[in-house]
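Participant: Next comes the structure file query.txt, holding compact mmCIF, C-alpha atoms and all ligand atoms.
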# COMPACT_ATOMS: atom_id res chain seq x y z
CA MET A 1 -288.83 132.64 147.80
CA ALA A 2 -285.62 132.32 149.77
CA GLY A 3 -285.57 135.95 150.91
CA LEU A 4 -289.16 135.82 152.12
CA GLU A 5 -288.49 132.51 153.91
CA GLY A 6 -285.50 134.10 155.66
CA THR A 7 -287.66 136.97 156.90
CA GLU A 8 -290.26 134.49 158.18
CA CYS A 9 -287.61 132.55 160.08
CA ARG A 10 -286.22 135.64 161.73
CA THR A 11 -289.58 136.76 163.03
CA ARG A 12 -291.52 133.56 163.68
CA GLY A 13 -288.87 130.89 164.04
CA CYS A 14 -288.33 127.70 162.09
CA THR A 15 -285.96 124.77 161.76
CA GLY A 16 -283.25 124.77 159.13
CA ALA A 17 -282.43 121.94 156.73
CA ASP A 18 -279.82 120.61 159.21
CA GLY A 19 -282.47 120.26 161.94
CA ILE A 20 -281.02 123.17 163.90
CA THR A 21 -283.32 125.96 165.09
CA VAL A 22 -283.01 129.24 163.17
CA LEU A 23 -282.79 132.16 165.59
CA THR A 24 -285.53 134.78 165.43
CA ASP A 25 -284.75 138.47 165.95
CA LEU A 26 -286.39 138.20 169.38
CA GLN A 27 -284.19 135.24 170.29
CA ILE A 28 -281.06 137.04 169.11
CA ALA A 29 -281.99 139.87 171.49
CA ARG A 30 -283.02 137.49 174.31
CA TYR A 31 -279.76 135.51 174.25
CA SER A 32 -277.42 138.32 173.21
CA ARG A 33 -275.38 138.00 176.41
CA GLN A 34 -274.72 134.34 175.59
CA ILE A 35 -274.32 134.76 171.85
CA ILE A 36 -271.45 137.21 172.29
CA LEU A 37 -269.50 134.60 174.26
CA PRO A 38 -266.88 132.84 172.08
CA SER A 39 -267.86 129.46 173.57
CA VAL A 40 -271.50 129.94 172.53
CA GLY A 41 -272.01 132.21 169.53
CA GLY A 42 -275.07 132.07 167.30
CA ARG A 43 -274.43 128.44 166.39
CA GLY A 44 -274.14 127.42 170.04
CA GLN A 45 -277.42 129.14 170.88
CA GLN A 46 -279.07 127.31 168.00
CA GLN A 47 -277.72 124.03 169.40
CA LEU A 48 -279.14 124.83 172.83
CA LEU A 49 -282.55 125.65 171.38
CA SER A 50 -282.47 122.38 169.42
CA ALA A 51 -281.45 120.29 172.44
CA ALA A 52 -283.79 118.07 174.46
CA VAL A 53 -282.90 117.07 178.02
CA ALA A 54 -284.68 114.68 180.38
CA VAL A 55 -284.39 115.37 184.11
CA ALA A 56 -285.27 112.88 186.85
CA GLY A 57 -284.69 113.06 190.56
CA ARG A 58 -285.20 114.97 193.79
CA PRO A 59 -286.77 118.42 193.33
CA GLU A 60 -284.08 120.40 195.19
CA MET A 61 -281.52 119.26 192.61
CA ALA A 62 -283.62 118.44 189.53
CA ARG A 63 -285.59 121.69 189.52
CA VAL A 64 -282.49 123.83 189.93
CA ALA A 65 -280.88 122.05 186.98
CA ALA A 66 -284.07 122.52 184.95
CA VAL A 67 -284.31 126.23 185.78
CA TYR A 68 -280.80 126.93 184.51
CA LEU A 69 -281.29 124.78 181.42
CA ALA A 70 -284.50 126.64 180.59
CA ALA A 71 -282.82 129.99 181.23
CA ALA A 72 -280.00 129.04 178.84
CA GLY A 73 -282.60 128.31 176.16
CA VAL A 74 -282.61 124.51 176.03
CA GLY A 75 -285.52 123.91 173.68
CA GLN A 76 -287.14 120.85 175.25
CA LEU A 77 -287.21 119.59 178.80
CA PHE A 78 -288.79 116.36 179.99
CA LEU A 79 -289.32 116.54 183.74
CA ILE A 80 -289.90 113.08 185.11
CA GLY A 81 -292.46 112.93 187.89
CA GLU A 82 -293.26 116.66 187.80
CA ASP A 83 -296.76 118.05 187.42
CA ARG A 84 -298.07 120.61 184.95
CA ALA A 85 -297.77 123.52 187.39
CA VAL A 86 -293.99 123.12 187.67
CA CYS A 87 -293.70 122.82 183.88
CA ASN A 88 -295.80 125.95 183.40
CA ASP A 89 -293.58 127.90 185.79
CA LEU A 90 -290.51 126.98 183.75
CA GLU A 91 -292.19 127.89 180.47
CA THR A 92 -293.06 131.25 181.99
CA LEU A 93 -289.38 131.70 182.80
CA ASN A 94 -288.45 131.10 179.18
CA PRO A 95 -291.15 130.62 176.52
CA ASP A 96 -288.54 129.11 174.16
CA SER A 97 -288.32 126.05 176.42
CA HIS A 98 -291.08 123.53 175.90
CA VAL A 99 -291.42 121.70 179.19
CA ARG A 100 -293.26 118.42 179.50
CA GLY A 101 -293.98 116.47 182.65
CA VAL A 102 -293.55 112.72 182.42
CA GLY A 103 -295.78 110.56 184.62
CA TRP A 104 -294.47 108.47 187.48
CA PRO A 105 -293.75 105.58 187.87
CA LEU A 106 -291.89 105.24 184.60
CA THR A 107 -292.96 102.47 182.29
CA ASP A 108 -290.37 100.70 180.13
CA GLU A 109 -291.97 102.34 177.08
CA ALA A 110 -291.62 105.77 178.68
CA VAL A 111 -287.93 105.14 179.45
CA ASP A 112 -287.31 104.14 175.83
CA GLU A 113 -289.16 107.15 174.47
CA ILE A 114 -287.59 109.69 176.81
CA VAL A 115 -284.06 108.51 176.11
CA ARG A 116 -284.71 108.31 172.36
CA GLN A 117 -285.94 111.89 172.22
CA SER A 118 -283.29 113.36 174.53
CA SER A 119 -279.81 114.55 173.69
CA ALA A 120 -278.81 114.10 177.36
CA VAL A 121 -280.38 112.56 180.46
CA VAL A 122 -279.98 113.88 184.00
CA CYS A 123 -280.36 111.68 187.09
CA ALA A 124 -280.39 114.26 189.88
CA ASP A 125 -280.28 112.16 193.04
CA ALA A 126 -282.75 109.78 191.46
CA SER A 127 -283.19 106.39 193.12
CA PRO A 128 -280.57 103.74 192.26
CA ALA A 129 -283.25 101.78 190.39
CA THR A 130 -284.16 104.80 188.24
CA VAL A 131 -280.51 105.61 187.58
CA ALA A 132 -279.93 102.00 186.52
CA ARG A 133 -282.93 101.95 184.17
CA LEU A 134 -282.19 105.28 182.53
CA GLY A 135 -278.43 104.69 182.50
CA THR A 136 -278.75 101.26 180.92
CA ARG A 137 -280.99 102.64 178.20
CA CYS A 138 -278.63 105.58 177.62
CA LEU A 139 -275.78 103.11 177.31
CA ALA A 140 -277.70 101.14 174.68
CA VAL A 141 -278.31 104.16 172.46
CA GLU A 142 -275.16 106.11 173.37
CA ARG A 143 -276.76 109.03 175.16
CA PRO A 144 -274.75 110.88 177.79
CA VAL A 145 -276.07 110.69 181.33
CA LEU A 146 -275.35 113.16 184.14
CA ILE A 147 -275.51 111.64 187.60
CA GLY A 148 -275.85 113.86 190.68
CA ARG A 149 -275.93 112.70 194.28
CA VAL A 150 -275.98 114.25 197.73
CA THR A 151 -275.28 112.41 200.96
CA GLY A 152 -275.23 114.59 204.04
CA ALA A 153 -272.92 117.48 203.27
CA VAL A 154 -271.20 115.81 200.31
CA GLY A 155 -272.32 116.30 196.72
CA GLU A 156 -271.15 114.52 193.58
CA VAL A 157 -271.55 114.96 189.83
CA ALA A 158 -270.39 112.55 187.15
CA LEU A 159 -270.85 112.52 183.39
CA VAL A 160 -270.92 109.15 181.68
CA GLY A 161 -270.68 109.06 177.88
CA GLY A 162 -270.86 111.92 175.47
CA GLY A 163 -267.24 113.01 175.81
CA GLN A 164 -264.73 113.46 173.06
CA ARG A 165 -262.37 111.05 174.76
CA GLU A 166 -262.76 107.37 175.48
CA GLY A 167 -264.07 106.88 178.96
CA PRO A 168 -265.97 104.45 181.12
CA CYS A 169 -269.34 103.24 179.93
CA PHE A 170 -272.30 103.28 182.32
CA GLU A 171 -271.50 99.72 183.40
CA CYS A 172 -267.85 100.62 184.16
CA PHE A 173 -269.03 103.66 186.11
CA SER A 174 -271.64 101.79 188.15
CA GLN A 175 -269.33 98.92 189.08
CA THR A 176 -266.39 101.17 189.91
CA ILE A 177 -268.43 103.45 192.17
CA ALA A 178 -270.07 100.45 193.86
CA ALA A 179 -266.63 98.94 194.52
CA ILE A 180 -265.29 102.22 195.94
CA ARG A 181 -268.22 102.44 198.33
CA ALA A 182 -268.04 98.77 199.33
CA GLU A 183 -264.37 99.22 200.27
CA GLY A 184 -265.17 102.34 202.28
CA ALA A 185 -262.58 104.13 200.16
CA ASP A 186 -264.71 107.15 199.41
CA ALA A 187 -262.49 109.56 201.29
CA PRO A 188 -264.70 112.66 201.20
CA ARG A 189 -267.61 110.73 202.66
CA ALA A 190 -265.44 109.14 205.33
CA HIS A 191 -264.34 112.58 206.47
CA ASN A 192 -267.83 114.02 206.47
CA ALA A 193 -269.82 111.82 208.84
CA GLU A 194 -273.43 112.90 208.65
CA THR A 195 -274.55 115.31 211.35
CA ALA A 196 -277.60 117.46 211.92
CA ILE A 197 -275.99 120.35 210.09
CA ASP A 198 -275.31 118.05 207.12
CA VAL A 199 -279.02 117.41 206.84
CA VAL A 200 -279.71 121.14 206.86
CA LEU A 201 -277.03 121.69 204.24
CA SER A 202 -278.14 118.88 201.95
CA GLY A 203 -280.88 120.97 200.31
CA VAL A 204 -278.44 123.80 199.61
CA ILE A 205 -275.84 121.38 198.29
CA GLY A 206 -278.51 119.79 196.09
CA GLY A 207 -279.04 123.19 194.47
CA PHE A 208 -275.29 123.62 194.01
CA ILE A 209 -274.96 120.19 192.40
CA GLY A 210 -278.02 120.95 190.22
CA THR A 211 -276.24 124.07 188.98
CA ILE A 212 -273.10 122.08 188.10
CA ILE A 213 -275.24 119.52 186.28
CA ALA A 214 -276.86 122.28 184.19
CA THR A 215 -273.40 123.68 183.41
CA GLU A 216 -272.20 120.27 182.24
CA VAL A 217 -275.28 119.75 180.04
CA ILE A 218 -274.73 123.15 178.44
CA LYS A 219 -271.02 122.41 177.80
CA LEU A 220 -271.97 119.03 176.37
CA THR A 221 -274.55 120.61 174.06
CA LEU A 222 -271.99 123.17 172.89
CA ASN A 223 -269.50 120.36 172.13
CA LEU A 224 -266.92 121.84 174.47
CA ASN A 225 -264.13 119.42 175.34
CA SER A 226 -263.87 120.54 178.96
CA THR A 227 -266.75 118.49 180.35
CA LEU A 228 -266.62 116.05 183.25
CA ALA A 229 -266.90 113.15 180.79
CA GLY A 230 -265.56 110.03 182.48
CA ARG A 231 -264.89 111.86 185.72
CA ARG A 232 -266.55 112.46 189.06
CA LEU A 233 -266.54 115.81 190.85
CA THR A 234 -266.95 115.60 194.62
CA TYR A 235 -267.70 118.55 196.90
CA GLY A 236 -267.50 118.36 200.68
CA ALA A 237 -269.38 121.37 202.02
CA LEU A 238 -268.19 121.20 205.64
CA SER A 239 -264.53 121.58 204.75
CA GLY A 240 -265.04 123.35 201.42
CA TRP A 241 -263.15 120.50 199.79
CA MET A 242 -263.54 119.69 196.09
CA SER A 243 -261.90 117.10 193.87
CA VAL A 244 -262.25 115.62 190.41
CA ASP A 245 -261.39 111.95 189.92
CA ASP A 246 -261.07 109.94 186.75
CA ILE A 247 -263.26 106.87 186.54
CA MET A 248 -261.25 104.48 184.45
CA PRO A 249 -262.79 102.07 181.94
CA MET A 250 -262.66 98.49 183.25
CA PRO A 251 -260.55 96.23 180.99
CA ASN A 252 -262.91 93.34 181.78
CA CYS A 253 -266.14 95.34 181.42
CA PRO A 254 -268.84 93.07 179.95
CA VAL A 255 -270.12 95.99 177.84
CA CYS A 256 -267.09 97.93 176.62
CA GLY A 257 -264.16 95.78 177.73
CA SER A 258 -263.42 94.49 174.26
CA ARG A 259 -262.99 97.93 172.71
CA GLU A 260 -259.66 99.62 172.33
CA ILE A 261 -259.17 102.21 175.02
CA GLY A 262 -257.43 105.25 173.59
CA GLY A 263 -257.18 107.60 176.56
CA THR A 264 -255.30 107.22 179.81
CA GLY A 265 -257.77 109.17 181.91
CA THR A 266 -255.30 111.98 182.44
CA GLY A 267 -257.37 114.56 180.61
CA ALA A 268 -256.09 114.18 177.04
CA ASP A 269 -258.93 114.52 174.58
CA ALA A 270 -259.27 111.94 171.87
CA PRO A 271 -259.12 113.31 168.32
ZN ZN B 301 -267.66 99.55 180.31
Take the structure I supplied and represent it as structure tokens, if you would.
Ligand SMILES: [Zn+2]

Facilitator:
Amino acid sequence: MAGLEGTECRTRGCTGADGITVLTDLQIARYSRQIILPSVGGRGQQQLLSAAVAVAGRPEMARVAAVYLAAAGVGQLFLIGEDRAVCNDLETLNPDSHVRGVGWPLTDEAVDEIVRQSSAVVCADASPATVARLGTRCLAVERPVLIGRVTGAVGEVALVGGGQREGPCFECFSQTIAAIRAEGADAPRAHNAETAIDVVLSGVIGGFIGTIIATEVIKLTLNLNSTLAGRRLTYGALSGWMSVDDIMPMPNCPVCGSREIGGTGTGADAP
């Protein structure tokens, strides 16, 4: 009976016909401070509980991102290279988050499976090879990928794919960033030559960048149009300098160059 089923869902949890998690009474109480926010609401909390996010990278950034995603109620987390103890700690933080460690090194099958099951993938200062493997797979199946990086006292976050507007694909992003670095035109880095204090700061900055990554994943999951999609945020800790730059799609990109580019990269959202 429908009424009885509704009572069951509110007390024990279940998934609705649309694949979205039905909130239990306990969850409504647990997330009440988020649910009352206009940008979240009950529907947004359901979307968070139904989301699955894979996180790879250095612990000082990846674990911070994972902690905030679990706290927000993201329903599934795949932590690449983490052991069971770390996963258990996160599940203790929020029993609604099912946290699974994924063995390292990643096999091609594991990359395929992780990306297939995830609604977003985070590369939190992961190695260039890992970023390339996960990013290429995300590109193939149109999953958004968050890329975080810390060098000395400079942190960066970029979101590739998943935005409402047309933006660079992972190939555009990778080639553009590589070209910027090859030309030495990365102004924030040039003005923040690495020093001993940078090394001390890098762990703190990693946590800061991890927090921004979690924020972007949450906005993405809530379908907010204010994400960093197609852009790169850079933070220079020594001077307190922060900027957001558009990464433009490459007209000659071998992956997306033939598509029609609708946006100009000035912040206008596509319909
Ligand atoms: Zn492209």

Participant: Tell me, counting all atoms listed in the file, for each residue of chain A within 8 Å of ligand ZN 301 (chain B), which pair of atoms is nearest and how far apart they are in Å to one decimal, in rows ordered by chain and increasing number, as a Markdown table.

Facilitator:
| residue | atom | partner | partner_atom | distance |
| --- | --- | --- | --- | --- |
| A:Pro168 | CA | B:ZN301 | ZN | 5.2 |
| A:Cys169 | CA | B:ZN301 | ZN | 4.1 |
| A:Phe170 | CA | B:ZN301 | ZN | 6.3 |
| A:Glu171 | CA | B:ZN301 | ZN | 4.9 |
| A:Cys172 | CA | B:ZN301 | ZN | 4.0 |
| A:Phe173 | CA | B:ZN301 | ZN | 7.2 |
| A:Pro249 | CA | B:ZN301 | ZN | 5.7 |
| A:Met250 | CA | B:ZN301 | ZN | 5.9 |
| A:Pro251 | CA | B:ZN301 | ZN | 7.9 |
| A:Asn252 | CA | B:ZN301 | ZN | 8.0 |
| A:Cys253 | CA | B:ZN301 | ZN | 4.6 |
| A:Pro254 | CA | B:ZN301 | ZN | 6.6 |
| A:Val255 | CA | B:ZN301 | ZN | 5.0 |
| A:Cys256 | CA | B:ZN301 | ZN | 4.1 |
| A:Gly257 | CA | B:ZN301 | ZN | 5.8 |

Participant: Against region 69-89 of chain A, which residues of region 93-130 of chain A fall within 7 Å? For each one I want the closest pair of atoms and the distance in Å (one decimal), counting only C-alpha atoms, rows by chain and increasing residue number, as CSV.

Facilitator:
residue,atom,partner,partner_atom,distance
A:Leu93,CA,A:Asp89,CA,6.4
A:Asn94,CA,A:Ala71,CA,6.1
A:Asp96,CA,A:Gly75,CA,6.0
A:Ser97,CA,A:Gly75,CA,4.5
A:His98,CA,A:Gln76,CA,4.8
A:Val99,CA,A:Leu77,CA,4.7
A:Arg100,CA,A:Phe78,CA,4.9
A:Gly101,CA,A:Leu79,CA,4.8
A:Val102,CA,A:Ile80,CA,4.5
A:Gly103,CA,A:Gly81,CA,5.2
A:Trp104,CA,A:Gly81,CA,4.9

Participant: Would you kindly return, as a list in words, each protein, DNA or RNA residue with an atom no farther than 12 Å from any atom of Lys219 (chain A), considering all atoms listed in the file and excluding same-chain residues fewer than 5 positions away?

Facilitator: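 The residues satisfying every condition are Ser39, Val40, Gly44, Gln45, Gln47, Leu48, Ala51, Leu69, Ala72, Val74, Ala120, Leu159, Gly162, Gly163, Gln164, Ile212, Ile213, Ala214, Leu224, Asn225, Ser226, Thr227, Leu228 and Ala229 of chain A.
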
Participant: Between CA of Phe208 (chain A) and CA of Leu139 (chain A), measure the distance and give it in Å to one decimal.

Facilitator: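 The value is 26.5 Å.
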
Participant: Of the candidates A:Arg137, A:Leu26, A:Leu146, A:Pro59, which shows the shortest atom-to-atom distance to Ile218 (chain A), using all atoms listed in the file?

Facilitator: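 Smallest distance to Ile218 (chain A) is found for A:Leu146.
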
Participant: Env of region 27-29 of chain A: 9 Å cut, atoms = all atoms listed in the file, seq-sep filter 2 positions within chain, self excluded. Answer as a tab-separated table (two decimals) with C-alpha atoms, in the coordinates of the input.

Facilitator:
chain	number	residue	atom	x	y	z
A	10	ARG	CA	-286.22	135.64	161.73
A	13	GLY	CA	-288.87	130.89	164.04
A	23	LEU	CA	-282.79	132.16	165.59
A	24	THR	CA	-285.53	134.78	165.43
A	25	ASP	CA	-284.75	138.47	165.95
A	31	TYR	CA	-279.76	135.51	174.25
A	32	SER	CA	-277.42	138.32	173.21
A	33	ARG	CA	-275.38	138.00	176.41
A	35	ILE	CA	-274.32	134.76	171.85
A	42	GLY	CA	-275.07	132.07	167.30
A	45	GLN	CA	-277.42	129.14	170.88
A	96	ASP	CA	-288.54	129.11	174.16

Participant: Name the closest residue to Gln46 (chain A) among the candidates A:Thr21, A:Thr176, A:Gln34, A:Ser202; distances are taken between atoms, counting only C-alpha atoms.

Facilitator: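 Under the stated criterion, the closest residue is A:Thr21.
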
Participant: Could you state the separation of CA of Gly161 (chain A) and CA of Gly203 (chain A) in Å, given to one decimal place?

Facilitator: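 Separation of CA of Gly161 (chain A) and CA of Gly203 (chain A): 27.4 Å.
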
Participant: Between A:Ile247, A:Ile114, A:Leu222, A:Val217, which has the minimum distance to Leu37 (chain A) (counting only C-alpha atoms)?

Facilitator: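 Counting only C-alpha atoms, the residue closest to Leu37 (chain A) is A:Leu222.
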
Participant: What is the CA of Ala54 (chain A)-CA of Val115 (chain A) distance in Å, reported with one decimal?

Facilitator: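 The value is 7.5 Å.
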
Participant: Skipping near chain neighbours, those fewer than 4 positions away, what residues fall within 7 Å of Arg232 (chain A) using only C-alpha atoms, listed as a ChimeraX atom specification?

Facilitator: /A:156-158,228,244-247

Participant: May I have the residues within 8 Å of region 127-133 of chain A as a PyMOL selection string, using all atoms listed in the file and disregarding those fewer than 6 positions away in the same chain?

Facilitator: chain A and resi 57+111+147

Participant: Smallest atom-to-atom distance to Ser239 (chain A): which of A:Cys138, A:Pro144, A:Asp198, A:Ala179, using only C-alpha atoms?

Facilitator: A:Asp198
